[in-house]
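Raw contents of structure.csv, CSV, C-alpha atoms:
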chain,number,residue,atom,x,y,z
V,1334,ARG,CA,64.2,75.7,95.3
V,1335,VAL,CA,60.4,76.1,95.9
V,1336,ASN,CA,58.8,73.9,98.5
V,1337,GLY,CA,61.8,71.6,98.4
V,1338,GLN,CA,61.7,71.2,94.6
V,1339,TRP,CA,64.1,72.6,92.0
V,1340,VAL,CA,62.4,75.2,89.8
V,1341,LYS,CA,64.1,76.1,86.5
V,1342,GLU,CA,65.1,79.8,86.4
V,1343,PRO,CA,63.9,81.3,83.1
V,1344,ASP,CA,67.0,83.4,82.7
V,1345,MET,CA,70.2,81.8,84.2
V,1346,HIS,CA,72.0,85.2,83.8
V,1347,SER,CA,69.6,86.7,86.4
V,1348,LEU,CA,71.1,84.6,89.2
V,1349,GLY,CA,73.8,86.0,91.5
V,1350,LEU,CA,75.2,86.5,95.0
V,1351,PRO,CA,73.3,89.4,96.7
V,1352,THR,CA,75.6,92.2,97.8
V,1353,THR,CA,74.0,92.0,101.2
V,1354,GLN,CA,76.2,88.9,101.8
V,1355,PRO,CA,79.6,89.5,103.5
V,1356,SER,CA,82.7,89.2,101.4
V,1357,VAL,CA,86.4,88.8,102.2
V,1358,ALA,CA,87.1,91.8,99.9
V,1359,ARG,CA,84.8,94.0,101.9
V,1360,PHE,CA,86.4,92.9,105.2
V,1361,MET,CA,89.9,93.5,103.8
V,1362,LYS,CA,89.0,97.0,102.7
V,1363,THR,CA,87.9,97.8,106.3
V,1364,ALA,CA,91.4,96.8,107.4
V,1365,GLY,CA,92.9,99.3,105.0
V,1366,TYR,CA,93.7,97.0,102.0
V,1367,THR,CA,93.3,97.9,98.4
V,1368,THR,CA,91.5,94.9,96.8
V,1369,GLY,CA,91.8,93.5,93.2
V,1370,MET,CA,90.3,90.5,91.5
V,1371,PHE,CA,91.4,89.2,88.1
V,1372,GLY,CA,89.7,86.1,86.6
V,1373,LYS,CA,86.6,84.0,86.7
V,1374,TRP,CA,83.6,85.4,88.5
V,1375,HIS,CA,80.8,82.8,88.7
V,1376,LEU,CA,78.6,84.5,91.2
V,1377,GLY,CA,76.4,86.6,88.8
V,1378,TYR,CA,76.5,88.0,85.3
V,1379,LYS,CA,74.4,91.2,85.9
V,1380,ASP,CA,76.1,94.4,86.9
V,1381,GLU,CA,74.4,94.3,90.3
V,1382,PHE,CA,76.5,91.2,91.1
V,1383,ASN,CA,79.8,92.4,89.7
V,1384,PRO,CA,82.9,92.0,91.9
V,1385,THR,CA,83.1,95.7,92.2
V,1386,ARG,CA,79.8,95.5,94.0
V,1387,HIS,CA,81.3,93.0,96.5
V,1388,GLY,CA,84.2,95.0,97.7
V,1389,PHE,CA,86.8,94.8,95.0
V,1390,ASP,CA,88.4,98.1,94.0
V,1391,GLU,CA,89.5,96.6,90.6
V,1392,TYR,CA,88.2,93.8,88.5
V,1393,PHE,CA,89.2,92.3,85.2
V,1394,GLY,CA,88.0,88.9,84.0
V,1395,GLU,CA,85.1,86.8,82.8
V,1396,LEU,CA,81.6,86.6,84.3
V,1397,LEU,CA,80.9,83.0,83.1
V,1398,GLY,CA,82.2,79.6,83.8
V,1399,HIS,CA,83.8,78.5,80.6
V,1400,SER,CA,84.1,81.1,77.9
V,1401,ASP,CA,86.3,80.9,74.8
V,1402,TYR,CA,89.8,81.8,75.8
V,1403,TYR,CA,90.4,84.0,72.7
V,1404,ARG,CA,87.0,85.4,72.0
V,1405,HIS,CA,85.8,85.7,75.6
V,1406,ALA,CA,82.3,84.6,74.8
V,1407,TYR,CA,80.1,81.7,75.8
V,1408,TYR,CA,79.2,79.3,73.1
V,1409,ASP,CA,75.8,80.9,72.7
V,1410,GLY,CA,77.5,84.2,72.0
V,1411,THR,CA,77.1,85.9,75.4
V,1412,TYR,CA,80.1,88.1,75.9
V,1413,ALA,CA,81.8,87.7,79.3
V,1414,LEU,CA,84.9,89.9,79.5
V,1415,ARG,CA,84.7,92.9,81.8
V,1416,ASP,CA,87.0,95.6,83.1
V,1417,GLY,CA,85.1,96.6,86.2
V,1418,LEU,CA,81.6,97.0,84.9
V,1419,ASP,CA,82.6,97.8,81.3
V,1420,PRO,CA,82.6,95.1,78.5
V,1421,VAL,CA,86.0,95.3,76.8
V,1422,LYS,CA,87.1,93.7,73.5
V,1423,HIS,CA,90.3,91.8,73.5
V,1424,THR,CA,89.5,89.3,70.8
V,1425,GLY,CA,92.6,87.2,69.9
V,1426,ARG,CA,94.3,87.7,73.2
V,1427,TYR,CA,94.7,84.6,75.5
V,1428,LEU,CA,92.8,85.0,78.7
V,1429,THR,CA,95.4,83.5,81.0
V,1430,ASP,CA,98.1,85.8,79.7
V,1431,MET,CA,95.9,88.8,80.2
V,1432,LEU,CA,95.0,87.8,83.8
V,1433,ASN,CA,98.6,87.2,84.7
V,1434,ALA,CA,99.6,90.6,83.3
V,1435,ARG,CA,96.8,92.4,85.2
V,1436,ALA,CA,97.7,90.7,88.4
V,1437,VAL,CA,101.4,91.6,88.1
V,1438,ALA,CA,100.4,95.2,87.3
V,1439,PHE,CA,98.2,95.3,90.4
V,1440,VAL,CA,101.1,94.3,92.6
V,1441,ARG,CA,103.4,96.9,91.0
V,1442,ASN,CA,100.8,99.7,91.3
V,1443,HIS,CA,100.0,99.0,94.9
V,1444,ALA,CA,103.4,97.9,96.2
V,1445,LYS,CA,103.6,100.8,98.7
V,1446,GLU,CA,100.3,100.0,100.4
V,1447,PRO,CA,98.6,96.9,101.9
V,1448,PHE,CA,96.8,95.0,99.1
V,1449,PHE,CA,94.7,91.9,98.7
V,1450,LEU,CA,94.9,90.1,95.3
V,1451,TYR,CA,92.5,87.4,94.2
V,1452,LEU,CA,93.5,85.6,90.9
V,1453,PRO,CA,91.0,82.8,90.1
V,1454,HIS,CA,92.1,81.6,86.7
V,1455,LEU,CA,89.6,80.1,84.2
V,1456,ALA,CA,92.3,77.6,83.3
V,1457,VAL,CA,92.4,74.7,83.3
V,1458,HIS,CA,88.6,74.6,82.9
V,1459,ALA,CA,87.1,73.6,79.5
V,1460,PRO,CA,87.2,74.6,76.7
V,1461,TRP,CA,90.7,73.2,76.5
V,1462,GLN,CA,92.3,75.8,74.3
V,1463,VAL,CA,96.1,76.1,74.3
V,1464,PRO,CA,98.0,79.4,74.4
V,1465,ASP,CA,99.6,81.0,71.4
V,1466,ARG,CA,97.0,79.8,68.9
V,1467,PRO,CA,94.6,82.7,68.3
V,1468,GLU,CA,93.4,81.0,65.1
V,1469,THR,CA,91.7,78.3,67.2
V,1470,PRO,CA,88.1,78.0,66.1
V,1471,MET,CA,85.4,79.5,68.3
V,1472,VAL,CA,84.2,77.1,71.0
V,1473,THR,CA,80.8,75.4,70.3
V,1474,LYS,CA,78.6,73.4,72.6
V,1475,GLU,CA,79.3,70.2,70.7
V,1476,LYS,CA,83.1,70.7,70.9
V,1477,MET,CA,83.3,72.2,74.4
V,1478,LEU,CA,85.0,69.1,75.8
V,1479,ASP,CA,87.4,68.3,72.9
V,1480,GLY,CA,91.0,68.3,74.0
V,1481,THR,CA,94.1,66.2,75.0
V,1482,ARG,CA,96.2,65.9,78.1
V,1483,ALA,CA,98.9,67.8,76.2
V,1484,ASP,CA,96.5,70.7,75.8
V,1485,TYR,CA,95.7,70.5,79.5
V,1486,ALA,CA,99.4,70.6,80.4
V,1487,ALA,CA,100.1,73.6,78.1
V,1488,MET,CA,97.2,75.5,79.7
V,1489,LEU,CA,98.5,74.7,83.2
V,1490,GLU,CA,102.1,75.7,82.3
V,1491,ARG,CA,100.8,79.2,81.4
V,1492,VAL,CA,99.2,79.4,84.9
V,1493,ASP,CA,102.5,78.3,86.4
V,1494,ALA,CA,104.2,81.1,84.5
V,1495,GLY,CA,101.9,83.6,86.0
V,1496,VAL,CA,102.7,82.4,89.5
V,1497,GLY,CA,106.3,82.9,88.8
V,1498,MET,CA,105.6,86.4,87.4
V,1499,ILE,CA,103.8,87.4,90.6
V,1500,LEU,CA,106.5,86.0,92.9
V,1501,ALA,CA,109.1,87.8,90.9
V,1502,GLU,CA,107.2,91.1,91.2
V,1503,LEU,CA,106.9,90.7,95.0
V,1504,GLU,CA,110.7,90.1,95.1
V,1505,ARG,CA,111.3,93.2,93.0
V,1506,HIS,CA,109.5,95.4,95.4
V,1507,GLY,CA,110.9,93.7,98.6
V,1508,LEU,CA,107.5,92.3,99.5
V,1509,ALA,CA,108.1,88.6,99.4
V,1510,GLU,CA,109.0,88.1,103.1
V,1511,ASN,CA,105.8,89.8,104.3
V,1512,THR,CA,103.2,88.6,101.8
V,1513,LEU,CA,101.1,85.6,102.3
V,1514,VAL,CA,100.7,83.7,99.0
V,1515,VAL,CA,98.2,80.8,98.6
V,1516,LEU,CA,97.9,78.5,95.7
V,1517,SER,CA,94.8,76.2,95.7
V,1518,SER,CA,91.9,74.9,93.6
V,1519,ASP,CA,88.2,74.9,93.9
V,1520,ASN,CA,87.8,71.2,93.1
V,1521,GLY,CA,89.6,68.1,92.0
V,1522,GLY,CA,90.7,67.7,88.4
V,1523,GLU,CA,88.3,66.9,85.6
V,1524,ARG,CA,88.4,64.7,82.5
V,1525,LEU,CA,92.0,65.3,81.3
V,1526,SER,CA,93.6,65.3,84.8
V,1527,ASP,CA,95.2,62.4,86.7
V,1528,ASN,CA,93.9,62.6,90.3
V,1529,ARG,CA,95.7,59.5,91.7
V,1530,PRO,CA,96.0,58.3,94.4
V,1531,TRP,CA,92.5,59.8,94.9
V,1532,PHE,CA,89.5,58.2,93.2
V,1533,ASN,CA,87.3,59.9,90.6
V,1534,HIS,CA,87.0,63.5,89.5
V,1535,LYS,CA,85.3,66.9,89.8
V,1536,ALA,CA,81.6,66.8,90.3
V,1537,THR,CA,81.7,63.8,92.7
V,1538,LEU,CA,82.2,63.7,96.4
V,1539,TRP,CA,84.9,61.0,96.3
V,1540,GLU,CA,88.3,62.5,97.2
V,1541,GLY,CA,89.2,63.0,93.5
V,1542,GLY,CA,86.4,65.6,93.4
V,1543,ILE,CA,87.0,67.4,96.7
V,1544,HIS,CA,90.6,66.8,97.7
V,1545,VAL,CA,92.7,69.7,96.4
V,1546,PRO,CA,96.2,71.1,96.8
V,1547,CYS,CA,96.8,74.0,99.1
V,1548,VAL,CA,100.2,75.6,99.3
V,1549,LEU,CA,100.9,78.6,101.5
V,1550,ARG,CA,104.0,80.8,101.3
V,1551,TRP,CA,104.9,83.5,103.8
V,1552,PRO,CA,108.6,83.4,104.4
V,1553,GLY,CA,108.5,85.9,107.3
V,1554,LYS,CA,105.9,83.9,109.2
V,1555,LEU,CA,105.6,80.3,108.1
V,1556,PRO,CA,108.3,77.6,108.2
V,1557,ALA,CA,109.5,76.5,104.8
V,1558,GLY,CA,108.9,72.9,103.5
V,1559,ARG,CA,106.4,71.9,106.2
V,1560,THR,CA,103.5,69.6,105.4
V,1561,ILE,CA,100.6,69.3,107.9
V,1562,LYS,CA,97.8,66.8,107.9
V,1563,GLN,CA,95.2,69.2,109.3
V,1564,ALA,CA,92.0,68.7,107.4
V,1565,GLY,CA,90.9,72.1,106.0
V,1566,ILE,CA,88.3,73.5,103.7
V,1567,THR,CA,88.4,76.5,101.4
V,1568,MET,CA,86.3,78.7,103.8
V,1569,ASP,CA,89.3,78.5,106.2
V,1570,LEU,CA,91.2,80.8,103.9
V,1571,THR,CA,88.8,83.7,104.6
V,1572,ALA,CA,89.3,83.4,108.3
V,1573,THR,CA,93.0,83.0,107.8
V,1574,PHE,CA,93.3,86.0,105.6
V,1575,LEU,CA,91.4,88.2,108.0
V,1576,ALA,CA,93.5,87.1,110.9
V,1577,ALA,CA,96.7,87.8,108.9
V,1578,ALA,CA,95.5,91.2,108.0
V,1579,GLY,CA,94.2,92.1,111.4
V,1580,ALA,CA,90.8,92.7,110.0
V,1581,LYS,CA,87.9,93.0,112.4
V,1582,PRO,CA,84.6,91.8,110.9
V,1583,PRO,CA,81.3,92.8,112.6
V,1584,ALA,CA,80.6,91.1,115.9
V,1585,ASP,CA,77.7,89.2,114.4
V,1586,TYR,CA,79.8,87.7,111.6
V,1587,LYS,CA,80.3,84.0,112.1
V,1588,PRO,CA,82.9,82.6,109.6
V,1589,ASP,CA,82.3,79.1,108.1
V,1590,GLY,CA,85.9,78.3,108.4
V,1591,MET,CA,88.7,78.7,111.0
V,1592,ASN,CA,92.0,80.6,111.2
V,1593,LEU,CA,94.7,78.1,110.3
V,1594,LEU,CA,97.7,80.3,111.2
V,1595,PRO,CA,98.1,78.9,114.8
V,1596,ILE,CA,98.3,75.4,113.4
V,1597,LEU,CA,100.5,76.4,110.5
V,1598,THR,CA,103.0,78.1,112.8
V,1599,GLY,CA,103.0,75.2,115.3
V,1600,GLN,CA,101.5,77.3,118.0
V,1601,ALA,CA,98.4,75.1,118.2
V,1602,PRO,CA,97.8,71.3,117.7
V,1603,GLU,CA,96.0,69.9,114.7
V,1604,GLN,CA,92.4,69.0,115.4
V,1605,ALA,CA,89.7,66.6,114.2
V,1606,ARG,CA,86.9,68.4,112.4
V,1607,THR,CA,83.6,67.5,110.8
V,1608,PHE,CA,82.8,68.4,107.2
V,1609,PHE,CA,79.6,68.0,105.2
V,1610,TRP,CA,79.1,67.9,101.4
V,1611,ARG,CA,76.2,67.4,99.0
V,1612,ILE,CA,75.6,67.2,95.3
V,1613,ASP,CA,72.0,67.5,94.2
V,1614,ARG,CA,72.0,67.4,90.4
V,1615,SER,CA,69.7,65.6,87.9
V,1616,ASN,CA,72.6,63.2,87.0
V,1617,ARG,CA,74.2,62.7,90.4
V,1618,LYS,CA,73.1,62.9,94.0
V,1619,GLN,CA,75.6,62.3,96.7
V,1620,TRP,CA,76.1,63.2,100.4
V,1621,ALA,CA,79.2,62.9,102.4
V,1622,VAL,CA,80.4,63.5,106.0
V,1623,ARG,CA,84.0,63.4,107.2
V,1624,HIS,CA,85.2,63.4,110.8
V,1625,GLY,CA,88.9,63.0,111.4
V,1626,LYS,CA,90.1,60.1,109.3
V,1627,TRP,CA,86.6,58.7,108.8
V,1628,LYS,CA,84.4,59.5,105.8
V,1629,TYR,CA,80.9,58.4,105.1
V,1630,LEU,CA,79.5,58.6,101.5
V,1631,ASN,CA,75.9,58.0,100.4
V,1632,ASP,CA,76.0,57.4,96.6
V,1633,GLY,CA,72.6,58.3,95.4
V,1634,ASN,CA,70.9,56.2,98.0
V,1635,THR,CA,72.3,53.1,96.2
V,1636,MET,CA,74.8,52.3,98.9
V,1637,ASP,CA,76.4,53.5,102.1
V,1638,LEU,CA,80.1,53.7,102.1
V,1639,LEU,CA,82.5,54.2,105.0
V,1640,TYR,CA,86.2,54.8,104.4
V,1641,ASP,CA,89.3,55.1,106.6
V,1642,LEU,CA,91.2,57.8,104.7
V,1643,GLU,CA,94.4,57.3,106.6
V,1644,ALA,CA,94.6,53.7,105.5
V,1645,ASP,CA,92.7,54.0,102.2
V,1646,LEU,CA,93.4,57.2,100.3
V,1647,GLY,CA,91.9,55.8,97.1
V,1648,GLU,CA,88.5,54.9,98.8
V,1649,ARG,CA,88.7,51.3,97.4
V,1650,ARG,CA,87.8,49.4,100.6
V,1651,SER,CA,84.6,50.3,102.5
I need this file expressed as structure tokens, please.
Amino acid sequence: RVNGQWVKEPDMHSLGLPTTQPSVARFMKTAGYTTGMFGKWHLGYKDEFNPTRHGFDEYFGELLGHSDYYRHAYYDGTYALRDGLDPVKHTGRYLTDMLNARAVAFVRNHAKEPFFLYLPHLAVHAPWQVPDRPETPMVTKEKMLDGTRADYAAMLERVDAGVGMILAELERHGLAENTLVVLSSDNGGERLSDNRPWFNHKATLWEGGIHVPCVLRWPGKLPAGRTIKQAGITMDLTATFLAAAGAKPPADYKPDGMNLLPILTGQAPEQARTFFWRIDRSNRKQWAVRHGKWKYLNDGNTMDLLYDLEADLGERRS
């Protein structure tokens, strides 16, 4: 933004997260952890923004948001697949399968040392291309959003398979009891998903766009089968990981989130928190605030909405 106005960037591939910004990978490294990331990196296409510049010892994945799952290129032909800084050709191999395999190999290769593994799958993001069909035509801008719920389910099942592979590898090396595993999402489901009982989808500030699952597994530390109502936000995971690892960030580092471990273990009570969101796009402008059970939403300055999320999960009565 310049003087409060959005200015179009002439080359979208020139944007990225500066390496001067702190990162969870860098903090984990200072605590003696080997760090690996396998999957979608949406924080800069240029080499200077690569995950290996942000504290990851290993990286394999795609540098764009929605590349073809078999050809690993954007619909304009920009090639996205990298192994570290190197472009690698794996045409015909399904991205989700490759990411699962690399993640399992990382666990196997570093089983005798502390490690931090980040696996952000591209699935189930568009294009909705199912596994085991390498003959699928190259994605185009016009057909980017073509797909069915059956396609969506098949893609998600392959992600599920990867979760099972990783858990099995942890068991194989005797690491399952003392490894914190977290499964979550960066936003609510999109067109082909069913977000009920929450209303609407990704790219909105209704609960269907921002309410996501978060499952934590740490048999040696966390009680099994427990559900808490503590409102949390993705940034809490950074503070939680650092606490679990005993990492000591610089004194001037102020995390955006909080360490959830005391609440998860029952050592501290749940607490009311205040969260803020905004969407500022040409086709949608929304602002939202949540405090405890109350949520206020401004929908493009067309109306003011106030919801009691304990009594009205679907945001139907304001």
Report task. Name the closest residue to Thr1424 of chain V among the candidates V:Arg1404, V:His1443, V:Arg1466, V:Lys1476; distances are taken between atoms, counting all atoms listed in the file. Result ->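 Closest to Thr1424 of chain V of all the choices is V:Arg1404.
Distance annotation: of V:Ser1400, V:Glu1395, V:Pro1470, V:Phe1371, the residue with the minimal separation from Arg1435 of chain V is V:Phe1371; atom set is only C-alpha atoms.
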Query - Contact residues around Glu1510 of chain V with only C-alpha atoms at 8 Å, ignoring same-chain residues under 6 positions, as an MDAnalysis selection string - result: chainID V and resid 1551:1553
Query raised in the report: At what distance in Å, to one decimal, does atom CA of Thr1537 of chain V lie from atom CA of Gln1619 of chain V?
Result: 7.4 Å
Report task. Kindly indicate which residue among V:Arg1550, V:Lys1628, V:Arg1441, V:Arg1614 lies nearest to Leu1646 of chain V, using all atoms listed in the file for the distances. Result -> V:Lys1628
Query raised in the report: For Pro1464 of chain V, which residue among V:Arg1482, V:Gly1425, V:Phe1448, V:Glu1502 is the nearest when counting all atoms listed in the file?
Result: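 So, comparing all the options, the nearest one is V:Gly1425.
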**Report entry** Contacts of Arg1611 of chain V within 9 Å, all atoms listed in the file, excl. fewer than 3 positions in-chain, as a PyMOL selection string
**Finding:** chain V and resi 1538+1618-1621
Report task. Could you check which of V:Gly1497, V:Pro1588, V:Gly1507, V:Pro1384 is closest to Lys1445 of chain V, using all atoms listed in the file? Result -> V:Gly1507
Report task. Would you mind reading off the distance between atom CA of Pro1556 of chain V and atom CA of Leu1594 of chain V, one decimal, in Å? Result ->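 Straight-line distance from atom CA of Pro1556 of chain V to atom CA of Leu1594 of chain V works out to 11.3 Å.
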